[in-house]
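S.K.: Below you'll find target.cif; it's mmCIF, C-alpha atoms.
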```cif
data_input
#
loop_
_atom_site.group_PDB
_atom_site.id
_atom_site.type_symbol
_atom_site.label_atom_id
_atom_site.label_comp_id
_atom_site.auth_asym_id
_atom_site.auth_seq_id
_atom_site.Cartn_x
_atom_site.Cartn_y
_atom_site.Cartn_z
ATOM 1 C CA MET V 1 85.554 9.288 329.202
ATOM 2 C CA SER V 2 86.898 6.044 330.633
ATOM 3 C CA MET V 3 88.747 6.743 333.888
ATOM 4 C CA LYS V 4 91.151 3.817 333.565
ATOM 5 C CA TYR V 5 94.185 5.534 335.105
ATOM 6 C CA ILE V 6 92.260 7.429 337.778
ATOM 7 C CA SER V 7 90.688 4.157 338.919
ATOM 8 C CA LEU V 8 94.146 2.573 339.071
ATOM 9 C CA ILE V 9 95.478 5.455 341.168
ATOM 10 C CA GLN V 10 92.486 5.436 343.508
ATOM 11 C CA SER V 11 92.939 1.711 344.115
ATOM 12 C CA ARG V 12 96.531 2.344 345.200
ATOM 13 C CA MET V 13 95.834 5.263 347.521
ATOM 14 C CA LYS V 14 96.572 4.522 351.156
ATOM 15 C CA LYS V 15 96.611 7.247 353.760
ATOM 16 C CA TYR V 16 96.642 10.573 351.968
ATOM 17 C CA LYS V 17 93.705 12.137 350.138
ATOM 18 C CA THR V 18 95.016 15.718 349.986
ATOM 19 C CA LEU V 19 98.333 17.488 350.350
ATOM 20 C CA ARG V 20 98.043 19.574 353.514
ATOM 21 C CA THR V 21 100.314 20.394 356.424
ATOM 22 C CA ASN V 22 100.209 22.879 359.279
ATOM 23 C CA LYS V 23 102.998 25.210 358.146
ATOM 24 C CA ASN V 24 101.908 28.778 357.423
ATOM 25 C CA THR V 25 103.264 29.573 353.978
ATOM 26 C CA SER V 26 102.010 30.344 350.516
ATOM 27 C CA ARG V 27 104.592 28.162 348.768
ATOM 28 C CA LEU V 28 103.540 24.578 348.118
ATOM 29 C CA LEU V 29 107.159 23.452 348.174
ATOM 30 C CA ASP V 30 107.411 24.767 351.728
ATOM 31 C CA GLY V 31 104.745 22.252 352.602
ATOM 32 C CA SER V 32 101.354 23.929 352.704
ATOM 33 C CA TYR V 33 98.426 25.112 350.658
ATOM 34 C CA THR V 34 97.342 27.789 353.121
ATOM 35 C CA SER V 35 98.733 31.271 353.591
ATOM 36 C CA ILE V 36 98.155 33.426 356.672
ATOM 37 C CA TYR V 37 97.780 37.053 355.676
ATOM 38 C CA LYS V 38 96.511 40.366 356.987
ATOM 39 C CA GLY V 39 93.069 41.124 355.594
ATOM 40 C CA ARG V 40 89.662 39.686 354.901
ATOM 41 C CA SER V 41 88.855 36.278 353.444
ATOM 42 C CA LEU V 42 86.271 33.528 353.825
ATOM 43 C CA ASP V 43 87.985 31.594 356.585
ATOM 44 C CA PHE V 44 88.694 33.085 360.009
ATOM 45 C CA ASN V 45 91.828 31.683 361.591
ATOM 46 C CA GLU V 46 92.569 33.375 364.946
ATOM 47 C CA LEU V 47 92.969 36.619 366.885
ATOM 48 C CA ARG V 48 96.325 38.287 367.339
ATOM 49 C CA GLU V 49 97.624 41.568 368.711
ATOM 50 C CA TYR V 50 97.377 44.632 366.495
ATOM 51 C CA ILE V 51 100.464 45.576 364.445
ATOM 52 C CA PRO V 52 100.790 49.087 362.952
ATOM 53 C CA GLY V 53 99.611 48.856 359.373
ATOM 54 C CA ASP V 54 96.781 46.389 360.049
ATOM 55 C CA ASP V 55 93.390 47.320 358.593
ATOM 56 C CA VAL V 56 91.279 48.856 361.377
ATOM 57 C CA LYS V 57 88.273 47.030 359.899
ATOM 58 C CA ASP V 58 89.824 43.787 361.139
ATOM 59 C CA ILE V 59 89.943 44.903 364.796
ATOM 60 C CA SER V 60 87.743 42.808 367.051
ATOM 61 C CA TRP V 61 86.448 45.441 369.491
ATOM 62 C CA ASN V 62 84.628 42.956 371.723
ATOM 63 C CA ALA V 63 87.716 40.779 372.166
ATOM 64 C CA SER V 64 89.910 43.862 372.593
ATOM 65 C CA SER V 65 87.717 45.201 375.394
ATOM 66 C CA ARG V 66 87.937 41.893 377.265
ATOM 67 C CA SER V 67 91.716 41.552 376.976
ATOM 68 C CA ASN V 68 92.745 45.195 377.350
ATOM 69 C CA LYS V 69 94.748 44.760 374.128
ATOM 70 C CA ILE V 70 93.889 45.719 370.575
ATOM 71 C CA LEU V 71 93.259 42.419 368.767
ATOM 72 C CA VAL V 72 92.709 41.888 365.062
ATOM 73 C CA LYS V 73 91.109 39.011 363.219
ATOM 74 C CA GLN V 74 93.493 36.963 361.088
ATOM 75 C CA TYR V 75 92.209 35.011 358.132
ATOM 76 C CA VAL V 76 93.386 32.130 355.964
ATOM 77 C CA ALA V 77 93.463 32.501 352.194
ATOM 78 C CA GLU V 78 93.358 29.327 350.134
ATOM 79 C CA LYS V 79 96.017 29.412 347.416
ATOM 80 C CA LYS V 80 95.525 27.675 344.096
ATOM 81 C CA HIS V 81 98.618 26.422 342.312
ATOM 82 C CA ASN V 82 99.645 25.670 338.757
ATOM 83 C CA ILE V 83 101.211 22.203 338.694
ATOM 84 C CA MET V 84 103.060 21.465 335.469
ATOM 85 C CA LEU V 85 104.133 17.849 334.995
ATOM 86 C CA VAL V 86 107.251 17.529 332.833
ATOM 87 C CA LEU V 87 107.309 13.882 331.829
ATOM 88 C CA ASP V 88 110.149 11.906 330.279
ATOM 89 C CA THR V 89 108.837 10.010 327.253
ATOM 90 C CA ASN V 90 112.207 8.689 326.038
ATOM 91 C CA ARG V 91 112.225 5.017 325.068
ATOM 92 C CA ARG V 92 114.285 4.318 328.225
ATOM 93 C CA MET V 93 111.031 4.606 330.142
ATOM 94 C CA LEU V 94 109.851 1.352 328.516
ATOM 95 C CA ALA V 95 112.522 -0.527 330.465
ATOM 96 C CA TYR V 96 111.800 -1.971 333.906
ATOM 97 C CA THR V 97 112.354 -0.934 337.499
ATOM 98 C CA SER V 98 113.963 -3.121 340.149
ATOM 99 C CA GLU V 99 110.420 -4.057 341.179
ATOM 100 C CA SER V 100 109.807 -5.560 337.698
ATOM 101 C CA GLU V 101 107.439 -2.772 336.698
ATOM 102 C CA GLU V 102 107.706 -0.774 333.510
ATOM 103 C CA LYS V 103 109.310 2.618 334.217
ATOM 104 C CA ARG V 104 106.596 4.249 332.131
ATOM 105 C CA GLU V 105 103.998 2.733 334.432
ATOM 106 C CA ALA V 106 105.837 3.890 337.565
ATOM 107 C CA ALA V 107 106.186 7.401 336.111
ATOM 108 C CA LEU V 108 102.518 7.440 335.120
ATOM 109 C CA ILE V 109 101.357 6.377 338.581
ATOM 110 C CA SER V 110 103.737 8.876 340.239
ATOM 111 C CA ALA V 111 102.550 11.816 338.147
ATOM 112 C CA GLY V 112 98.940 10.687 338.363
ATOM 113 C CA THR V 113 99.017 10.328 342.140
ATOM 114 C CA LEU V 114 100.418 13.817 342.516
ATOM 115 C CA ALA V 115 97.812 15.232 340.116
ATOM 116 C CA TYR V 116 95.045 13.343 341.919
ATOM 117 C CA LEU V 117 96.118 14.728 345.291
ATOM 118 C CA VAL V 118 96.399 18.354 344.194
ATOM 119 C CA ASN V 119 93.119 18.102 342.288
ATOM 120 C CA GLN V 120 91.368 17.635 345.642
ATOM 121 C CA ASN V 121 92.484 21.177 346.478
ATOM 122 C CA GLY V 122 91.173 22.602 343.224
ATOM 123 C CA ASP V 123 94.632 23.196 341.791
ATOM 124 C CA TYR V 124 95.392 23.398 338.085
ATOM 125 C CA THR V 125 97.371 20.604 336.426
ATOM 126 C CA GLY V 126 98.993 20.560 333.004
ATOM 127 C CA ALA V 127 101.739 18.601 331.286
ATOM 128 C CA VAL V 128 104.582 19.069 328.838
ATOM 129 C CA PHE V 129 106.290 16.131 327.165
ATOM 130 C CA SER V 130 107.846 15.191 323.848
ATOM 131 C CA THR V 131 106.369 12.887 321.263
ATOM 132 C CA ALA V 132 108.675 11.258 318.737
ATOM 133 C CA HIS V 133 108.367 14.407 316.596
ATOM 134 C CA HIS V 134 107.575 17.486 318.693
ATOM 135 C CA VAL V 135 107.011 18.916 322.171
ATOM 136 C CA ARG V 136 103.398 18.765 323.285
ATOM 137 C CA GLN V 137 101.753 20.960 325.916
ATOM 138 C CA ILE V 138 98.504 20.059 327.686
ATOM 139 C CA PRO V 139 97.084 23.292 329.203
ATOM 140 C CA LEU V 140 96.570 23.848 332.922
ATOM 141 C CA LYS V 141 93.069 22.774 333.933
ATOM 142 C CA THR V 142 91.190 21.375 336.912
ATOM 143 C CA GLY V 143 89.265 18.129 337.213
ATOM 144 C CA LEU V 144 90.001 14.417 337.151
ATOM 145 C CA GLY V 145 89.014 14.225 333.497
ATOM 146 C CA ASN V 146 91.993 16.435 332.713
ATOM 147 C CA VAL V 147 94.304 14.226 334.801
ATOM 148 C CA GLU V 148 93.057 11.133 332.982
ATOM 149 C CA PHE V 149 93.699 12.796 329.619
ATOM 150 C CA ILE V 150 97.269 13.742 330.604
ATOM 151 C CA LEU V 151 98.088 10.204 331.687
ATOM 152 C CA GLU V 152 96.520 8.669 328.598
ATOM 153 C CA GLN V 153 98.487 10.951 326.264
ATOM 154 C CA TYR V 154 101.737 10.381 328.157
ATOM 155 C CA HIS V 155 101.311 6.628 327.814
ATOM 156 C CA LYS V 156 100.758 6.967 324.061
ATOM 157 C CA ALA V 157 103.760 9.277 323.594
ATOM 158 C CA THR V 158 106.267 6.963 325.317
ATOM 159 C CA THR V 159 107.149 4.674 322.437
ATOM 160 C CA ASP V 160 110.103 2.730 321.112
ATOM 161 C CA GLU V 161 110.608 5.415 318.432
ATOM 162 C CA ASN V 162 110.819 8.251 320.964
ATOM 163 C CA LYS V 163 114.413 9.369 321.544
ATOM 164 C CA SER V 164 113.540 12.768 323.028
ATOM 165 C CA ASN V 165 115.583 14.688 325.583
ATOM 166 C CA LEU V 166 114.150 16.576 328.553
ATOM 167 C CA ASN V 167 116.354 19.552 327.759
ATOM 168 C CA ASP V 168 114.242 20.189 324.662
ATOM 169 C CA THR V 169 111.099 20.039 326.788
ATOM 170 C CA LEU V 170 112.494 22.504 329.335
ATOM 171 C CA ASP V 171 113.664 24.817 326.569
ATOM 172 C CA TYR V 172 110.081 24.835 325.245
ATOM 173 C CA ILE V 173 108.775 25.847 328.690
ATOM 174 C CA VAL V 174 111.266 28.705 329.010
ATOM 175 C CA ARG V 175 110.443 30.044 325.556
ATOM 176 C CA ASN V 176 106.669 29.666 325.628
ATOM 177 C CA MET V 177 105.329 29.775 329.182
ATOM 178 C CA ARG V 178 105.215 32.913 331.353
ATOM 179 C CA LYS V 179 102.890 31.749 334.145
ATOM 180 C CA LYS V 180 104.424 30.981 337.558
ATOM 181 C CA MET V 181 104.178 27.234 338.130
ATOM 182 C CA ILE V 182 105.315 24.339 340.248
ATOM 183 C CA ILE V 183 107.219 22.198 337.765
ATOM 184 C CA VAL V 184 107.488 18.512 338.660
ATOM 185 C CA LEU V 185 110.067 16.597 336.627
ATOM 186 C CA VAL V 186 109.396 12.866 336.278
ATOM 187 C CA THR V 187 112.253 10.867 334.772
ATOM 188 C CA ASP V 188 114.842 8.212 335.591
ATOM 189 C CA LEU V 189 118.379 8.729 336.905
ATOM 190 C CA GLN V 190 119.813 8.924 333.401
ATOM 191 C CA GLY V 191 117.286 11.552 332.355
ATOM 192 C CA ALA V 192 117.871 13.575 335.526
ATOM 193 C CA SER V 193 121.640 13.514 334.982
ATOM 194 C CA GLU V 194 121.231 14.750 331.388
ATOM 195 C CA ILE V 195 119.247 17.875 332.327
ATOM 196 C CA SER V 196 121.663 20.778 331.990
ATOM 197 C CA GLU V 197 122.389 23.146 334.853
ATOM 198 C CA THR V 198 121.624 25.994 332.455
ATOM 199 C CA ASN V 199 118.075 24.736 331.994
ATOM 200 C CA LEU V 200 117.620 24.219 335.718
ATOM 201 C CA LYS V 201 118.646 27.835 336.305
ATOM 202 C CA ARG V 202 116.301 29.057 333.574
ATOM 203 C CA ILE V 203 113.193 27.292 334.831
ATOM 204 C CA GLN V 204 113.875 28.324 338.430
ATOM 205 C CA VAL V 205 113.726 32.011 337.520
ATOM 206 C CA MET V 206 109.911 31.984 337.641
ATOM 207 C CA ASN V 207 109.017 28.554 338.986
ATOM 208 C CA ASP V 208 109.349 26.160 341.890
ATOM 209 C CA VAL V 209 110.804 22.803 340.827
ATOM 210 C CA ALA V 210 110.614 19.276 342.245
ATOM 211 C CA LEU V 211 111.985 15.979 340.925
ATOM 212 C CA ILE V 212 110.760 12.392 340.919
ATOM 213 C CA THR V 213 113.265 9.798 339.695
ATOM 214 C CA ILE V 214 112.299 6.257 338.747
ATOM 215 C CA GLY V 215 114.694 3.386 339.470
ATOM 216 C CA ASP V 216 116.140 0.935 336.946
ATOM 217 C CA VAL V 217 116.297 -2.834 336.864
ATOM 218 C CA ASP V 218 119.696 -4.482 337.202
ATOM 219 C CA MET V 219 121.289 -5.594 333.913
ATOM 220 C CA PHE V 220 122.364 -8.942 335.327
ATOM 221 C CA GLY V 221 120.959 -12.419 335.181
ATOM 222 C CA GLU V 222 119.419 -14.416 332.372
ATOM 223 C CA ASN V 223 117.203 -12.993 329.611
ATOM 224 C CA VAL V 224 118.226 -9.344 330.116
ATOM 225 C CA TYR V 225 116.756 -7.184 327.347
ATOM 226 C CA ASN V 226 118.742 -4.205 326.012
ATOM 227 C CA MET V 227 116.397 -1.331 325.049
ATOM 228 C CA GLU V 228 119.115 0.470 323.071
ATOM 229 C CA ASN V 229 119.824 -2.469 320.736
ATOM 230 C CA ASN V 230 116.350 -4.050 320.819
ATOM 231 C CA ASP V 231 117.865 -7.394 321.695
ATOM 232 C CA TYR V 232 118.759 -9.579 324.662
ATOM 233 C CA LEU V 233 122.210 -9.213 326.215
ATOM 234 C CA PRO V 234 124.525 -12.171 325.603
ATOM 235 C CA ALA V 235 124.730 -14.351 328.691
ATOM 236 C CA PHE V 236 128.508 -13.887 328.944
ATOM 237 C CA LEU V 237 127.856 -10.171 329.546
ATOM 238 C CA SER V 238 124.791 -10.295 331.754
ATOM 239 C CA THR V 239 126.347 -12.882 334.082
ATOM 240 C CA ASP V 240 129.880 -11.464 334.251
ATOM 241 C CA GLU V 241 130.724 -10.611 337.873
ATOM 242 C CA LYS V 242 133.297 -7.939 337.031
ATOM 243 C CA LEU V 243 130.850 -6.151 334.757
ATOM 244 C CA LYS V 244 128.257 -6.411 337.503
ATOM 245 C CA GLU V 245 130.590 -4.662 339.968
ATOM 246 C CA ARG V 246 131.320 -1.929 337.421
ATOM 247 C CA GLN V 247 127.613 -1.409 336.742
ATOM 248 C CA ILE V 248 126.825 -1.149 340.461
ATOM 249 C CA GLU V 249 129.613 1.424 340.854
ATOM 250 C CA ARG V 250 128.418 3.371 337.809
ATOM 251 C CA ARG V 251 124.873 3.544 339.183
ATOM 252 C CA ARG V 252 126.157 4.643 342.589
ATOM 253 C CA LEU V 253 128.131 7.463 340.992
ATOM 254 C CA LEU V 254 125.137 8.476 338.893
ATOM 255 C CA GLU V 255 122.971 8.608 342.018
ATOM 256 C CA GLU V 256 125.556 10.722 343.848
ATOM 257 C CA LYS V 257 125.873 13.058 340.872
ATOM 258 C CA CYS V 258 122.106 13.605 340.729
ATOM 259 C CA GLU V 259 121.809 14.109 344.455
ATOM 260 C CA GLU V 260 124.647 16.633 344.490
ATOM 261 C CA LYS V 261 123.309 18.569 341.488
ATOM 262 C CA TYR V 262 119.708 18.870 342.609
ATOM 263 C CA THR V 263 120.645 19.583 346.212
ATOM 264 C CA SER V 264 122.858 22.437 345.029
ATOM 265 C CA PHE V 265 119.847 23.920 343.220
ATOM 266 C CA GLY V 266 117.588 23.431 346.247
ATOM 267 C CA ILE V 267 115.332 21.101 344.252
ATOM 268 C CA PRO V 268 113.589 18.490 346.433
ATOM 269 C CA ARG V 269 113.646 14.954 345.093
ATOM 270 C CA VAL V 270 112.274 11.502 345.825
ATOM 271 C CA HIS V 271 113.419 8.254 344.229
ATOM 272 C CA ILE V 272 110.866 5.543 343.466
ATOM 273 C CA GLU V 273 111.721 1.908 342.781
ATOM 274 C CA GLY V 274 108.122 0.677 342.628
ATOM 275 C CA THR V 275 104.532 1.861 342.851
ATOM 276 C CA ASN V 276 103.620 0.420 346.257
ATOM 277 C CA GLU V 277 104.572 3.499 348.300
ATOM 278 C CA ILE V 278 104.072 6.243 345.733
ATOM 279 C CA ASP V 279 101.456 8.240 347.656
ATOM 280 C CA LEU V 280 103.739 8.320 350.717
ATOM 281 C CA SER V 281 106.676 9.366 348.548
ATOM 282 C CA ILE V 282 104.680 12.194 346.957
ATOM 283 C CA VAL V 283 103.713 13.605 350.354
ATOM 284 C CA LYS V 284 107.330 13.247 351.472
ATOM 285 C CA LEU V 285 108.433 15.222 348.399
ATOM 286 C CA PHE V 286 106.131 18.150 349.121
ATOM 287 C CA SER V 287 106.870 18.218 352.813
ATOM 288 C CA ARG V 288 110.498 19.105 352.080
ATOM 289 C CA LYS V 289 111.694 22.690 351.924
#
```
Take the structure from the file and write it as structure tokens.
M.R.:
Amino acid sequence: MSMKYISLIQSRMKKYKTLRTNKNTSRLLDGSYTSIYKGRSLDFNELREYIPGDDVKDISWNASSRSNKILVKQYVAEKKHNIMLVLDTNRRMLAYTSESEEKREAALISAGTLAYLVNQNGDYTGAVFSTAHHVRQIPLKTGLGNVEFILEQYHKATTDENKSNLNDTLDYIVRNMRKKMIIVLVTDLQGASEISETNLKRIQVMNDVALITIGDVDMFGENVYNMENNDYLPAFLSTDEKLKERQIERRRLLEEKCEEKYTSFGIPRVHIEGTNEIDLSIVKLFSRK
């Protein structure tokens, strides 16, 4: 298999090769892949004082005799996660970002960078997205070959004929998937605003949720192409200053609406205008509570 997209992602990686922090928690959205627990595992972490209920097999008698306290060995268990990428394939994603990049490309690199990072920890990655005719699910698997396949299929599914809605994709997940997952939504501001609060509540029953939004290009200037009408905007519209002010205000309100909605649900979010800082943005996303 050609690793076209993986090679592109690797060439853009800067500082981060894995998603790891020092917080002791089993929830990835709390910022860590490691969970401190009482019991045996492969990796010894530290000694601590005995607490009633600890397994006596974990008592370190040599250390206890030296400290005059009963000390037990504490271990670290590596947790593997199910990362489900929910990708917006609506034709809007063929439009451009403010950095003059196709939104589909920015979404692909965002999702791919996340999948690349978690793959280094042996986590499982899958995807759900809509083609022009039906919802498609790519099962949870490990390996970069699986990540490459997801990105390739997402690119093919995002076409000019695709008028899908993420609510249909989320409804499919609720009806068909019973495994606990970390669901990462990748869309633009319009797509994020269209996701119903009902669906957000439904997917949060069993899953952790995070959101990546992709920015839009301004609709002003010369040669502005309208994706909805498949034609260029007339110059008297794309250069009108009053319309420009209204569009800026509309986008500001849309941003505030999204921020308020997803904050109220406790869903962490990052906004990406271009692909230059995507790996930093992904780490920022998963370092948030």
S.K.: Evaluated on this file, the PyMOL selection byres ((chain V and resi 102) around 12) picks out some residues - which ones are they, written as an NGL selection string?
M.R.: :V and (91-101 or 103-109 or 155 or 158 or 188 or 214-217 or 273-275)
S.K.: My list of candidates is V:Met3, V:Ile195, V:Met84, V:Leu151. Which is closest to Ala127 of chain V when distances are computed with only C-alpha atoms?
M.R.: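 Nearest candidate to Ala127 of chain V out of V:Met3, V:Ile195, V:Met84, V:Leu151: V:Met84.
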S.K.: Spell out the residues picked by the PyMOL selection byres ((chain V and resi 259) around 10) here, as a list of chain:residue names.
M.R.: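 In the shown coordinates, the PyMOL selection byres ((chain V and resi 259) around 10) covers V:Leu189, V:Ala192, V:Ser193, V:Leu253, V:Leu254, V:Glu255, V:Glu256, V:Lys257, V:Cys258, V:Glu260, V:Lys261, V:Tyr262, V:Thr263, V:Ser264, V:Ile267, V:Pro268, V:Arg269, V:Val270.
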S.K.: Mind pulling up the distance from atom CA of Val135 of chain V to atom CA of Ala157 of chain V?
M.R.: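 A separation of 10.3 Å between them.
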S.K.: Which of these residues is nearest to Leu211 of chain V, using all atoms listed in the file: V:Gly143, V:Gly191, V:Gly112, V:Gly122?
M.R.: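 Using all atoms listed in the file, the shortest distance to Leu211 of chain V belongs to V:Gly191.
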S.K.: Which residues, named as in the file, does the PyMOL selection byres ((chain V and resi 164-176) around 6) pick out? Answer as a ChimeraX atom specification.
M.R.: /V:90,162-163,177,195
S.K.: For Val72 of chain V, list every protein, DNA or RNA residue within 9 Å, evaluated using all atoms listed in the file, and leave out those in the same chain fewer than 5 positions away; present the list as a tab-separated table (two decimals) with C-alpha atoms, keeping the file's coordinate frame.
M.R.:
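Saved file result-v8.tsv follows:
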```tsv
chain	number	residue	atom	x	y	z
V	46	GLU	CA	92.57	33.38	364.95
V	47	LEU	CA	92.97	36.62	366.88
V	48	ARG	CA	96.32	38.29	367.34
V	49	GLU	CA	97.62	41.57	368.71
V	50	TYR	CA	97.38	44.63	366.50
V	51	ILE	CA	100.46	45.58	364.44
V	54	ASP	CA	96.78	46.39	360.05
V	55	ASP	CA	93.39	47.32	358.59
V	56	VAL	CA	91.28	48.86	361.38
V	57	LYS	CA	88.27	47.03	359.90
V	58	ASP	CA	89.82	43.79	361.14
V	59	ILE	CA	89.94	44.90	364.80
V	60	SER	CA	87.74	42.81	367.05
V	61	TRP	CA	86.45	45.44	369.49
V	63	ALA	CA	87.72	40.78	372.17
V	64	SER	CA	89.91	43.86	372.59
```
S.K.: From the list V:Thr187, V:Ser196, V:Ile248, V:Thr131, which residue is nearest His271 of chain V when using all atoms listed in the file?
M.R.: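 Distance minimum relative to His271 of chain V lands on V:Thr187.
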S.K.: When distances are computed from all atoms listed in the file, which of V:Asn62, V:Tyr116, V:Ile182, V:Phe265 shows the smallest separation from Glu197 of chain V?
M.R.: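 Comparing V:Asn62, V:Tyr116, V:Ile182, V:Phe265 against Glu197 of chain V, the winner is V:Phe265.
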S.K.: Could you check how far atom CA of Lys284 of chain V sits from atom CA of Gln10 of chain V, in Å to one decimal?
M.R.: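 Between atom CA of Lys284 of chain V and atom CA of Gln10 of chain V the gap works out to 18.6 Å.
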S.K.: What gap, in Å, lies between atom CA of Ile83 of chain V and atom CA of Ile138 of chain V?
M.R.: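 Atom CA of Ile138 of chain V lies 11.5 Å from atom CA of Ile83 of chain V.
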S.K.: Within 8 Å of (107.4, 26.6, 340.1) (coordinates as in the file), grab all the protein and nucleic acid residues, counting all atoms listed in the file, and write them out as a PyMOL selection string.
M.R.: chain V and resi 82-83+180-183+203-204+206-209
S.K.: Which one is closest to Lys141 of chain V: V:Tyr154, V:Lys80, V:Thr113, V:Lys242? Count all atoms listed in the file.
M.R.: V:Lys80
S.K.: V:Thr89, V:Val205, V:Leu285, V:Gly266: which is nearest His134 of chain V, counting only C-alpha atoms?
M.R.: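 When distances to His134 of chain V are compared using only C-alpha atoms, the smallest one comes from V:Thr89.
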S.K.: Give me the box for segment 79-88 of chain V as lines of an AutoDock Vina configuration file, namely the centre and edge lengths in Å to one decimal of a box along x, y and z that holds every listed atom plus 5 Å on each side.
M.R.:
```
center_x = 102.8
center_y = 20.7
center_z = 338.8
size_x = 24.6
size_y = 27.5
size_z = 27.1
```
